[in-house]
$ cat target_39.cif   # mmCIF, C-alpha atoms
data_target
loop_
_atom_site.label_atom_id
_atom_site.label_comp_id
_atom_site.auth_asym_id
_atom_site.auth_seq_id
_atom_site.Cartn_x
_atom_site.Cartn_y
_atom_site.Cartn_z
CA MET A 61 49.26 12.53 13.37
CA THR A 62 46.08 10.50 13.04
CA LEU A 63 42.55 11.59 12.45
CA GLY A 64 41.29 10.04 15.68
CA ARG A 65 41.13 11.53 19.16
CA SER A 66 44.39 12.84 20.58
CA THR A 67 45.28 14.14 23.98
CA ALA A 68 47.38 17.01 22.65
CA THR A 69 47.12 18.95 19.43
CA PRO A 70 50.50 19.91 17.96
CA SER A 71 50.95 23.41 16.64
CA LEU A 72 50.63 24.11 12.94
CA LEU A 73 54.29 25.10 12.67
CA SER A 74 55.48 21.87 14.27
CA VAL A 75 53.31 19.77 11.97
CA MET A 76 54.48 21.69 8.92
CA SER A 77 58.11 21.12 9.85
CA THR A 78 57.85 17.43 10.74
CA ALA A 79 54.84 15.82 9.04
CA PHE A 80 55.44 17.17 5.56
CA THR A 81 58.58 18.04 3.67
CA ASP A 82 57.86 20.41 0.82
CA PRO A 83 59.92 19.34 -2.21
CA ASN A 84 60.12 22.97 -3.33
CA THR A 85 61.47 24.30 -0.04
CA LEU A 86 65.08 25.41 -0.25
CA ASP A 87 67.50 25.52 2.66
CA ALA A 88 68.06 28.89 4.28
CA PHE A 89 70.43 30.96 2.18
CA SER A 90 73.93 31.56 3.53
CA ALA A 91 76.08 34.15 1.79
CA SER A 92 79.20 32.69 3.41
CA GLU A 93 78.45 29.19 2.13
CA ALA A 94 77.66 30.59 -1.31
CA ALA A 95 81.02 32.35 -1.39
CA LEU A 96 82.80 29.11 -0.50
CA ASP A 97 80.72 27.09 -2.97
CA GLY A 98 81.21 29.57 -5.79
CA SER A 99 77.52 29.81 -6.67
CA ALA A 100 74.28 31.08 -5.17
CA ARG A 101 71.44 28.58 -5.74
CA GLY A 102 72.97 27.73 -9.11
CA PHE A 103 73.59 31.34 -10.13
CA PRO A 104 77.18 32.61 -10.38
CA LEU A 105 78.52 34.98 -7.77
CA GLY A 106 78.71 38.59 -8.90
CA TYR A 107 76.78 40.02 -11.84
CA PHE A 108 75.20 38.00 -14.66
CA ILE A 109 72.80 38.17 -17.60
CA ILE A 110 69.72 35.96 -18.02
CA ARG A 111 69.13 34.93 -21.64
CA SER A 112 66.16 33.03 -23.06
CA ILE A 113 67.11 29.91 -25.02
CA ALA A 114 63.93 30.20 -27.10
CA SER A 115 64.35 33.76 -28.37
CA GLY A 116 67.89 34.76 -27.46
CA LYS A 117 66.48 37.86 -25.76
CA ILE A 118 67.68 39.18 -22.40
CA LEU A 119 65.76 39.73 -19.17
CA ASP A 120 65.33 43.50 -19.02
CA VAL A 121 63.98 46.26 -16.75
CA PRO A 122 62.26 48.62 -19.23
CA ASP A 123 63.57 52.19 -19.46
CA HIS A 124 65.84 51.76 -16.42
CA THR A 125 62.78 52.29 -14.22
CA THR A 126 63.11 52.01 -10.46
CA ALA A 127 59.36 52.09 -9.77
CA ASP A 128 58.02 49.57 -7.32
CA GLY A 129 56.00 46.91 -9.17
CA ALA A 130 57.50 47.66 -12.60
CA GLU A 131 57.21 44.56 -14.80
CA LEU A 132 60.32 42.93 -16.24
CA VAL A 133 60.35 41.82 -19.89
CA LEU A 134 62.60 40.22 -22.47
CA PHE A 135 64.39 42.56 -24.87
CA ASP A 136 67.21 42.61 -27.40
CA GLU A 137 70.70 42.56 -25.92
CA LYS A 138 72.15 46.05 -25.50
CA GLU A 139 75.75 45.12 -24.77
CA SER A 140 77.61 42.07 -26.07
CA SER A 141 80.73 42.39 -23.90
CA LEU A 142 80.83 40.25 -20.77
CA VAL A 143 83.71 42.23 -19.22
CA GLU A 144 82.42 44.63 -16.59
CA SER A 145 84.88 47.44 -17.34
CA MET A 146 84.00 47.36 -21.05
CA ARG A 147 80.24 47.41 -20.68
CA LYS A 148 78.10 50.50 -21.20
CA PRO A 149 76.26 51.73 -18.07
CA GLU A 150 73.08 51.98 -20.17
CA ALA A 151 72.98 48.18 -20.24
CA ASP A 152 72.92 47.80 -16.44
CA ASN A 153 69.15 47.30 -16.58
CA GLN A 154 69.87 43.90 -18.15
CA VAL A 155 72.25 42.80 -15.39
CA PHE A 156 71.24 40.93 -12.21
CA PHE A 157 72.82 39.41 -9.13
CA ILE A 158 71.99 37.40 -6.00
CA ASP A 159 72.31 39.63 -2.94
CA SER A 160 73.45 38.61 0.54
CA SER A 161 69.88 37.72 1.57
CA GLY A 162 69.52 35.32 -1.37
CA ALA A 163 67.14 37.53 -3.37
CA LEU A 164 67.48 38.08 -7.12
CA ALA A 165 68.16 41.78 -7.66
CA ALA A 166 68.68 44.22 -10.55
CA LYS A 167 72.06 45.96 -10.83
CA HIS A 168 70.83 49.35 -12.09
CA SER A 169 68.68 49.97 -9.01
CA GLY A 170 69.60 47.32 -6.44
CA HIS A 171 65.89 46.51 -6.08
CA ALA A 172 64.86 42.89 -5.64
CA VAL A 173 62.83 40.88 -8.15
CA ASP A 174 59.41 39.73 -6.96
CA VAL A 175 56.47 37.87 -8.55
CA GLN A 176 53.08 39.56 -8.86
CA ASP A 177 50.14 38.04 -10.76
CA GLY A 178 52.51 35.70 -12.56
CA ALA A 179 54.87 38.46 -13.74
CA LEU A 180 58.37 39.40 -12.59
CA VAL A 181 58.37 42.86 -11.01
CA LEU A 182 60.79 45.15 -9.20
CA ARG A 183 60.20 45.29 -5.48
CA ARG A 184 61.50 47.79 -2.95
CA ARG A 185 62.21 46.52 0.53
CA LYS A 186 59.30 47.27 2.84
CA PRO A 187 58.53 46.99 6.56
CA ILE A 188 56.54 44.12 8.01
CA LEU A 189 52.84 44.95 7.81
CA ALA A 190 50.02 42.99 9.46
CA PRO A 191 48.38 40.71 8.58
CA PHE A 192 51.62 39.14 7.36
CA PRO A 193 52.13 38.00 4.64
CA ASN A 194 50.22 40.22 2.22
CA GLN A 195 50.62 41.69 -1.26
CA ALA A 196 52.59 44.68 0.03
CA SER A 197 54.63 42.91 2.71
CA HIS A 198 55.94 39.37 2.35
CA ASN A 199 59.10 37.32 2.06
CA LEU A 200 60.66 37.60 -1.37
CA PRO A 201 60.52 34.51 -3.60
CA LYS A 202 63.64 32.39 -4.04
CA PHE A 203 65.13 31.85 -7.50
CA GLU A 204 67.19 28.74 -8.26
CA TYR A 205 68.96 27.91 -11.53
CA SER A 206 69.76 24.41 -12.77
CA PRO A 207 72.59 24.31 -15.36
CA VAL A 208 71.50 20.77 -16.23
CA THR A 209 67.90 21.51 -17.24
CA GLY A 210 68.27 25.25 -17.83
CA HIS A 211 65.22 25.84 -15.62
CA ILE A 212 64.84 28.79 -13.28
CA THR A 213 62.63 27.59 -10.43
CA ILE A 214 60.83 30.00 -8.12
CA THR A 215 59.72 29.02 -4.63
CA PHE A 216 57.47 30.96 -2.28
CA ASP A 217 57.14 31.09 1.48
CA SER A 218 53.42 31.86 1.19
CA ASP A 219 50.61 31.64 -1.35
CA PRO A 220 51.63 33.96 -4.23
CA LEU A 221 47.95 34.88 -4.72
CA PHE A 222 47.79 36.28 -1.15
CA PRO A 223 44.20 35.26 -0.38
CA PRO A 224 42.44 37.14 2.44
CA PRO A 225 43.09 35.77 5.93
CA LEU A 226 40.63 33.27 7.34
CA PRO A 227 38.08 34.66 9.81
CA PRO A 228 38.65 33.67 13.44
CA LYS A 229 36.67 30.72 14.76
CA ASP A 230 33.85 31.55 17.15
CA THR A 231 34.79 28.79 19.57
CA PRO A 232 38.11 27.13 20.35
CA THR A 233 38.92 23.94 18.48
CA THR A 234 38.53 20.74 20.49
CA ASN A 235 38.65 17.06 19.77
CA THR A 236 35.43 15.35 20.81
CA ASP A 237 33.48 12.29 19.76
CA ASP A 238 31.29 14.47 17.53
CA ASP A 239 34.23 16.45 16.15
CA ALA A 240 37.13 14.05 16.14
CA GLN A 241 38.87 15.45 13.08
CA ARG A 242 39.28 19.08 14.15
CA ASP A 243 42.77 20.36 14.88
CA ASP A 244 45.05 23.24 13.91
CA PHE A 245 44.29 22.70 10.22
CA GLU A 246 41.43 24.43 8.46
CA MET A 247 38.40 22.20 8.29
CA VAL A 248 37.35 20.59 5.01
CA ALA A 249 33.71 21.13 4.08
CA PRO A 250 32.12 18.20 2.19
CA ASN A 251 29.94 19.06 -0.80
CA THR A 252 26.92 17.20 -2.12
CA ASP A 253 29.01 15.73 -4.96
CA ASP A 254 31.50 14.14 -2.51
CA SER A 255 34.14 16.76 -3.33
CA VAL A 256 35.54 19.06 -0.68
CA SER A 257 35.85 22.81 -0.29
CA THR A 258 38.48 24.57 1.74
CA SER A 259 40.58 27.70 1.90
CA PRO A 260 43.52 28.04 -0.54
CA ASN A 261 45.79 28.11 2.52
CA ALA A 262 44.22 25.09 4.18
CA TRP A 263 46.15 21.91 4.89
CA VAL A 264 43.84 18.97 4.27
CA HIS A 265 43.96 15.54 5.89
CA GLU A 266 44.40 12.57 3.58
CA VAL A 267 45.05 9.01 4.75
CA GLY A 268 46.07 10.18 8.19
CA ARG A 269 48.59 12.80 7.07
CA PRO A 270 48.37 16.50 6.20
CA VAL A 271 48.32 17.41 2.51
CA PRO A 272 49.65 20.85 1.54
CA PRO A 273 47.46 23.52 -0.05
CA ALA A 274 47.20 23.73 -3.83
CA TRP A 275 49.92 26.34 -4.33
CA LYS A 276 52.44 24.08 -2.59
CA GLN A 277 51.62 21.27 -5.00
CA ARG A 278 53.02 23.14 -7.98
CA THR A 279 56.46 23.79 -9.42
CA TYR A 280 56.92 27.37 -10.60
CA LEU A 281 59.15 27.88 -13.65
CA LEU A 282 60.19 31.07 -15.39
CA THR A 283 58.79 30.87 -18.93
CA SER A 284 59.09 33.15 -21.94
CA ILE A 285 55.91 33.88 -23.90
CA PRO A 286 55.87 33.92 -27.74
CA SER A 287 54.28 36.77 -29.67
CA ARG A 288 52.57 36.53 -33.04
CA ARG A 289 52.99 39.10 -35.77
CA PRO A 290 50.04 41.56 -35.75
CA ARG A 291 47.44 40.96 -38.42
CA THR A 292 47.64 43.23 -41.45
CA PHE A 293 45.13 44.30 -44.09
CA ALA A 294 46.60 41.71 -46.46
CA ASP A 295 45.92 38.96 -43.90
CA ASP A 296 42.29 40.06 -43.52
CA ALA A 297 41.84 40.26 -47.30
CA THR A 298 43.27 36.79 -47.81
CA GLU A 299 41.02 35.32 -45.13
CA PHE A 300 38.00 37.06 -46.69
CA PHE A 301 38.65 35.63 -50.16
CA VAL A 302 39.27 32.13 -48.80
CA SER A 303 36.05 32.15 -46.78
CA SER A 304 34.10 33.61 -49.73
CA ALA A 305 35.38 30.89 -52.02
CA ALA A 306 34.31 28.26 -49.49
CA LEU A 307 30.78 29.69 -49.36
CA ILE A 308 30.51 29.63 -53.17
CA THR A 309 31.73 26.07 -53.61
CA ALA A 310 29.85 24.60 -50.65
CA PRO A 311 26.39 24.42 -52.39
CA LEU A 312 27.97 22.80 -55.46
CA SER A 313 29.38 19.93 -53.46
CA GLY A 314 25.90 18.41 -53.11
CA LEU A 315 25.47 18.13 -56.91
CA SER A 316 27.78 15.13 -57.00
CA PHE A 317 25.15 13.08 -55.15
CA PRO A 318 21.74 14.06 -56.62
CA PHE A 319 19.99 10.92 -55.32
CA GLY A 320 21.31 11.06 -51.83
CA SER A 321 18.72 11.16 -49.10
CA PRO A 322 18.84 13.45 -46.09
CA SER A 323 19.17 10.41 -43.85
CA GLU A 324 22.48 9.61 -45.50
CA ALA A 325 23.90 12.97 -44.56
CA LYS A 326 26.93 12.89 -42.34
CA ALA A 327 26.01 13.06 -38.68
CA PRO A 328 27.32 16.08 -36.81
CA GLU A 329 30.46 15.56 -34.76
CA ARG A 330 29.59 14.39 -31.30
CA ILE A 331 30.58 16.79 -28.52
CA GLY A 332 31.69 15.16 -25.34
CA PRO A 333 30.18 16.09 -21.99
CA GLY A 334 31.40 19.43 -20.73
CA GLU A 335 33.31 20.35 -23.88
CA GLY A 336 30.79 23.00 -24.81
CA ASP A 337 31.43 24.75 -21.50
CA ALA A 338 35.11 25.32 -22.20
CA ARG A 339 35.81 28.95 -22.96
CA PRO A 340 38.59 30.04 -25.33
CA ILE A 341 41.65 31.65 -23.75
CA GLY A 342 43.76 32.55 -26.76
CA GLU A 343 42.86 29.12 -28.13
CA ARG A 344 40.51 26.20 -27.34
CA VAL A 345 40.94 25.08 -23.73
CA SER A 346 39.66 21.69 -22.64
CA PHE A 347 36.99 21.26 -20.00
CA GLU A 348 39.43 19.27 -17.88
CA HIS A 349 41.90 22.15 -17.83
CA MET A 350 39.14 24.60 -16.95
CA GLN A 351 38.32 22.37 -13.98
CA ALA A 352 41.99 22.28 -13.09
CA ALA A 353 42.06 26.07 -13.25
CA LYS A 354 39.29 26.21 -10.66
CA GLN A 355 40.94 23.62 -8.45
CA TYR A 356 44.47 25.00 -8.60
CA ASP A 357 43.71 28.72 -9.08
CA LEU A 358 45.60 28.79 -12.37
CA PHE A 359 46.10 32.11 -14.09
CA ASP A 360 44.81 32.38 -17.67
CA HIS A 361 48.35 32.22 -19.05
CA GLU A 362 48.98 29.03 -17.04
CA VAL A 363 45.96 27.30 -18.56
CA VAL A 364 47.12 28.35 -22.02
CA GLU A 365 50.63 27.06 -21.31
CA GLU A 366 49.31 23.57 -20.56
CA GLU A 367 47.31 23.51 -23.81
CA ARG A 368 49.42 25.63 -26.19
CA SER A 369 49.40 24.23 -29.72
CA GLU A 370 52.34 24.23 -32.12
CA GLU A 371 50.75 27.08 -34.06
CA ALA A 372 50.56 29.13 -30.87
CA GLU A 373 54.31 28.59 -30.43
CA ILE A 374 55.04 30.77 -33.48
CA ASP A 375 57.09 33.79 -32.41
CA ASP A 376 57.31 36.08 -35.44
CA ASN A 377 56.44 39.52 -34.05
CA PRO A 378 59.06 42.03 -35.29
CA HIS A 379 58.75 44.05 -32.08
CA PRO A 380 61.77 43.31 -29.83
CA LEU A 381 59.78 43.08 -26.58
CA ARG A 382 58.52 39.77 -25.21
CA LYS A 383 56.63 38.90 -22.04
CA VAL A 384 57.98 36.57 -19.38
CA LYS A 385 55.78 34.75 -16.87
CA VAL A 386 56.11 32.51 -13.83
CA VAL A 387 54.05 29.44 -14.68
CA GLY A 388 52.94 26.95 -12.02
CA TYR A 389 53.02 23.33 -13.18
CA ARG A 390 51.41 20.66 -11.05
CA HIS A 391 53.82 18.22 -9.44
CA ASN A 392 54.48 15.10 -11.53
CA THR A 393 53.30 16.93 -14.66
CA HIS A 394 55.24 15.77 -17.72
CA LEU A 395 56.92 18.91 -19.08
CA GLY A 396 56.99 17.67 -22.62
CA GLY A 397 55.74 19.55 -25.63
CA ASN A 398 57.65 20.41 -28.76
CA THR A 399 61.16 21.82 -28.84
CA LYS A 400 59.92 25.42 -28.81
CA ALA A 401 57.83 24.81 -25.71
CA ARG A 402 60.76 23.22 -23.89
CA ASP A 403 63.14 25.99 -24.92
CA ARG A 404 60.80 28.65 -23.55
CA ARG A 405 61.39 27.13 -20.10
CA ARG A 406 65.17 27.07 -20.55
CA TRP A 407 67.61 29.86 -19.75
CA GLU A 408 71.29 30.60 -20.13
CA ILE A 409 73.14 32.45 -17.38
CA LEU A 410 76.09 34.51 -18.61
CA PRO A 411 78.50 35.65 -15.86
CA ILE A 412 80.06 39.09 -16.20
CA ARG A 413 83.82 38.97 -15.62
CA ARG A 414 85.78 41.70 -13.90
CA GLU A 415 88.58 41.55 -16.45
CA ARG A 416 89.43 40.00 -19.77
CA LYS A 417 90.52 36.42 -20.00
CA ARG A 418 94.24 36.03 -20.45
CA PHE A 419 95.45 33.38 -22.86
#

$ encode --input "target_39.cif" --output "structure tokens"
Amino acid sequence: MTLGRSTATPSLLSVMSTAFTDPNTLDAFSASEAALDGSARGFPLGYFIIRSIASGKILDVPDHTTADGAELVLFDEKESSLVESMRKPEADNQVFFIDSSGALAAKHSGHAVDVQDGALVLRRRKPILAPFPNQASHNLPKFEYSPVTGHITITFDSDPLFPPPLPPKDTPTTNTDDDAQRDDFEMVAPNTDDSVSTSPNAWVHEVGRPVPPAWKQRTYLLTSIPSRRPRTFADDATEFFVSSAALITAPLSGLSFPFGSPSEAKAPERIGPGEGDARPIGERVSFEHMQAAKQYDLFDHEVVEEERSEEAEIDDNPHPLRKVKVVGYRHNTHLGGNTKARDRRRWEILPIRRERKRF
């Protein structure tokens, strides 16, 4: 498709299927093919456990709840046996499977696993409700496991933020000399600073081809979140004495240079443009990442993930519960970081056998 005048405007669905191939889109799931292949999108057939490489904790449905929208967490392993007949039923809330539709589901309830506001949640099957898709009614996300990287990738059929539908246009879209770039795609509104504004669901033209909306330009990975040990009275007391000592010794530091002039004082550190506008989200976040958050609709935890320091990787909270999030990384982003950061994106899948191995 070109940006010039055309005699016929193809439908949005036809353009989406032919003009752009989404690298995150998975083929339609086939239970029969999975049975022949011996795996379902990288997961084993039958029941399995999902273990975090970073913490060793297990994906868990708290308190065996079956409530719709209940958030999944990481917790200590309840049952060490991987033989189904030897496992305690109380540990079924830590067991999952891929059902015949291709959805990740929990064994204890049979409910599917969905993503809501960046968290994994239980989801009951629901009827189709208009306008589709919406927060209450949508296609379930697809989970894929890579034994090579250890990543669990999540793909969506629609924007996981579920923005409100676009208002209908007052007049039908036509291609004229004055409006040569209008077609089935949402129009791009130019701003005074040469940037563009559009809907989160809009497909934008770039160099004669459609460019997908922001949420399609990200790779979503399941990521465990570290937790720091809560501050104690001893921590506060230590910090108080250290800061008090610094205040006492600070005036004495100038006595070493009695003849120094004020002009020789060290100049204050220069703050780059925009750095003062960055707000802290758990730690200092750069202005560039705040801009990226606006452009890509990043959640707070996603901004923190891209800027997490080594100190923020410390996971020393004695409480056994940990959070787990679905983090969207922009395509072509280097997923580097230290070993702890990489391990938080890595998972081990442990199949549950029907019987003991015979030697």

$ resolve_selection --input "target_39.cif" --expression "the PyMOL selection byres ((chain A and resi 120) around 7)" --output "VMD selection string"
chain A and resid 118 to 119 121 to 122 132 to 135 153 to 154

$ resolve_selection --input "target_39.cif" --expression "the PyMOL selection byres ((chain A and resi 202) around 8)" --output "count of residues only"
10

$ residues_around --input "target_39.cif" --residues "A:Arg184" --least-positions-apart "5" --cutoff "10 Å" --atoms "all atoms listed in the file" --output "mmCIF file with C-alpha atoms, in the frame of the given file"
data_model
loop_
_atom_site.group_PDB
_atom_site.id
_atom_site.type_symbol
_atom_site.label_atom_id
_atom_site.label_comp_id
_atom_site.auth_asym_id
_atom_site.auth_seq_id
_atom_site.Cartn_x
_atom_site.Cartn_y
_atom_site.Cartn_z
ATOM 1 C CA THR A 126 63.110 52.010 -10.460
ATOM 2 C CA ALA A 127 59.360 52.090 -9.770
ATOM 3 C CA ASP A 128 58.020 49.570 -7.320
ATOM 4 C CA GLY A 129 56.000 46.910 -9.170
ATOM 5 C CA SER A 169 68.680 49.970 -9.010
ATOM 6 C CA GLY A 170 69.600 47.320 -6.440
ATOM 7 C CA HIS A 171 65.890 46.510 -6.080
ATOM 8 C CA ALA A 172 64.860 42.890 -5.640
ATOM 9 C CA VAL A 173 62.830 40.880 -8.150
ATOM 10 C CA ASP A 174 59.410 39.730 -6.960
ATOM 11 C CA ALA A 196 52.590 44.680 0.030
#

$ atom_distance --input "target_39.cif" --atom1 "atom CA of A:Glu373" --atom2 "atom CA of A:Ser287"
8.2 Å

$ resolve_selection --input "target_39.cif" --expression "the PyMOL selection byres ((chain A and resi 139) around 10)" --output "ChimeraX atom specification"
/A:136-138,140-142,146-152,154

$ axis_aligned_box --input "target_39.cif" --around "stretch 143-157 of chain A" --padding-each-side "3 Å" --output "JSON"
{"center_x": 77.0, "center_y": 45.7, "center_z": -15.2, "size_x": 21.7, "size_y": 18.6, "size_z": 18.1}

$ atom_distance --input "target_39.cif" --atom1 "atom CA of A:Ser369" --atom2 "atom CA of A:Val387"
16.6 Å

$ atom_distance --input "target_39.cif" --atom1 "atom CA of A:Lys385" --atom2 "atom CA of A:Arg405"
10.0 Å

$ residues_near_point --input "target_39.cif" --point "(51.8, 41.2, -11.0)" --cutoff "12 Å" --atoms "only C-alpha atoms" --output "PyMOL selection string"
chain A and resi 128-132+173-183+195-196+220-222+359+384-386

$ write_last_selection --input "target_39.cif" --atoms "C-alpha atoms" --output "PDB file, in the frame of the given file"
ATOM      1  CA  ASP A 128      58.020  49.570  -7.320  1.00  0.00           C
ATOM      2  CA  GLY A 129      56.000  46.910  -9.170  1.00  0.00           C
ATOM      3  CA  ALA A 130      57.500  47.660 -12.600  1.00  0.00           C
ATOM      4  CA  GLU A 131      57.210  44.560 -14.800  1.00  0.00           C
ATOM      5  CA  LEU A 132      60.320  42.930 -16.240  1.00  0.00           C
ATOM      6  CA  VAL A 173      62.830  40.880  -8.150  1.00  0.00           C
ATOM      7  CA  ASP A 174      59.410  39.730  -6.960  1.00  0.00           C
ATOM      8  CA  VAL A 175      56.470  37.870  -8.550  1.00  0.00           C
ATOM      9  CA  GLN A 176      53.080  39.560  -8.860  1.00  0.00           C
ATOM     10  CA  ASP A 177      50.140  38.040 -10.760  1.00  0.00           C
ATOM     11  CA  GLY A 178      52.510  35.700 -12.560  1.00  0.00           C
ATOM     12  CA  ALA A 179      54.870  38.460 -13.740  1.00  0.00           C
ATOM     13  CA  LEU A 180      58.370  39.400 -12.590  1.00  0.00           C
ATOM     14  CA  VAL A 181      58.370  42.860 -11.010  1.00  0.00           C
ATOM     15  CA  LEU A 182      60.790  45.150  -9.200  1.00  0.00           C
ATOM     16  CA  ARG A 183      60.200  45.290  -5.480  1.00  0.00           C
ATOM     17  CA  GLN A 195      50.620  41.690  -1.260  1.00  0.00           C
ATOM     18  CA  ALA A 196      52.590  44.680   0.030  1.00  0.00           C
ATOM     19  CA  PRO A 220      51.630  33.960  -4.230  1.00  0.00           C
ATOM     20  CA  LEU A 221      47.950  34.880  -4.720  1.00  0.00           C
ATOM     21  CA  PHE A 222      47.790  36.280  -1.150  1.00  0.00           C
ATOM     22  CA  PHE A 359      46.100  32.110 -14.090  1.00  0.00           C
ATOM     23  CA  VAL A 384      57.980  36.570 -19.380  1.00  0.00           C
ATOM     24  CA  LYS A 385      55.780  34.750 -16.870  1.00  0.00           C
ATOM     25  CA  VAL A 386      56.110  32.510 -13.830  1.00  0.00           C
TER      26      VAL A 386
END

$ residues_around --input "target_39.cif" --residues "A:Asn194" --least-positions-apart "3" --cutoff "12 Å" --atoms "only C-alpha atoms" --output "ChimeraX atom specification"
/A:176,186-191,197-200,217-225

$ closest_residue --input "target_39.cif" --among "A:Leu410, A:Ala297, A:Val302, A:Ala401" --to "A:Glu370" --atoms "only C-alpha atoms"
A:Ala401

$ residues_around --input "target_39.cif" --residues "A:Glu408" --least-positions-apart "5" --cutoff "9 Å" --atoms "all atoms listed in the file" --output "list of chain:residue names"
A:Ile109, A:Ile110, A:Arg111, A:Ser112, A:Ile113, A:Pro207, A:Gly210, A:His211

$ write_last_selection --input "target_39.cif" --atoms "C-alpha atoms" --output "short mmCIF file (atom, residue, chain, number, x, y, z; two decimals), in the frame of the given file"
data_model
loop_
_atom_site.label_atom_id
_atom_site.label_comp_id
_atom_site.auth_asym_id
_atom_site.auth_seq_id
_atom_site.Cartn_x
_atom_site.Cartn_y
_atom_site.Cartn_z
CA ILE A 109 72.80 38.17 -17.60
CA ILE A 110 69.72 35.96 -18.02
CA ARG A 111 69.13 34.93 -21.64
CA SER A 112 66.16 33.03 -23.06
CA ILE A 113 67.11 29.91 -25.02
CA PRO A 207 72.59 24.31 -15.36
CA GLY A 210 68.27 25.25 -17.83
CA HIS A 211 65.22 25.84 -15.62
#

$ closest_residue --input "target_39.cif" --among "A:Pro378, A:Gly102, A:Pro290, A:Pro411" --to "A:Thr213" --atoms "all atoms listed in the file"
A:Gly102

$ decode --input "target_39.cif" --residues "stretch 106-111 of chain A" --atoms "all heavy atoms" --output "tab-separated table (two decimals), in the first residue's frame"
chain	number	residue	atom	x	y	z
A	106	GLY	N	0.58	-32.44	29.70
A	106	GLY	CA	0.25	-32.84	31.06
A	106	GLY	C	0.54	-31.72	32.04
A	106	GLY	O	0.65	-30.54	31.69
A	107	TYR	N	0.70	-32.07	33.31
A	107	TYR	CA	0.90	-31.10	34.37
A	107	TYR	C	2.38	-30.76	34.54
A	107	TYR	O	3.27	-31.58	34.27
A	107	TYR	CB	0.34	-31.62	35.69
A	107	TYR	CG	-1.16	-31.87	35.66
A	107	TYR	CD1	-1.67	-33.16	35.86
A	107	TYR	CD2	-2.05	-30.83	35.42
A	107	TYR	CE1	-3.04	-33.39	35.83
A	107	TYR	CE2	-3.42	-31.06	35.39
A	107	TYR	CZ	-3.90	-32.33	35.59
A	107	TYR	OH	-5.25	-32.56	35.55
A	108	PHE	N	2.64	-29.54	35.02
A	108	PHE	CA	4.02	-29.12	35.27
A	108	PHE	C	4.06	-28.03	36.32
A	108	PHE	O	3.03	-27.43	36.68
A	108	PHE	CB	4.69	-28.63	33.97
A	108	PHE	CG	3.90	-27.60	33.22
A	108	PHE	CD1	3.95	-26.25	33.56
A	108	PHE	CD2	3.09	-27.96	32.15
A	108	PHE	CE1	3.23	-25.30	32.87
A	108	PHE	CE2	2.36	-27.02	31.44
A	108	PHE	CZ	2.42	-25.69	31.80
A	109	ILE	N	5.26	-27.75	36.80
A	109	ILE	CA	5.53	-26.70	37.78
A	109	ILE	C	6.41	-25.66	37.13
A	109	ILE	O	7.29	-25.98	36.32
A	109	ILE	CB	6.22	-27.29	39.03
A	109	ILE	CG1	5.27	-28.23	39.78
A	109	ILE	CG2	6.70	-26.20	39.97
A	109	ILE	CD1	5.95	-29.01	40.89
A	110	ILE	N	6.19	-24.39	37.47
A	110	ILE	CA	6.97	-23.28	36.92
A	110	ILE	C	7.83	-22.71	38.04
A	110	ILE	O	7.30	-22.15	39.01
A	110	ILE	CB	6.06	-22.20	36.32
A	110	ILE	CG1	5.18	-22.80	35.22
A	110	ILE	CG2	6.89	-21.04	35.77
A	110	ILE	CD1	4.18	-21.82	34.63
A	111	ARG	N	9.13	-22.86	37.92
A	111	ARG	CA	10.06	-22.43	38.98
A	111	ARG	C	10.93	-21.27	38.50
A	111	ARG	O	11.45	-21.30	37.37
A	111	ARG	CB	10.95	-23.59	39.42
A	111	ARG	CG	12.07	-23.19	40.40
A	111	ARG	CD	12.93	-24.39	40.74
A	111	ARG	NE	12.21	-25.32	41.59
A	111	ARG	CZ	12.62	-26.57	41.82
A	111	ARG	NH1	13.72	-27.02	41.22
A	111	ARG	NH2	11.92	-27.35	42.61
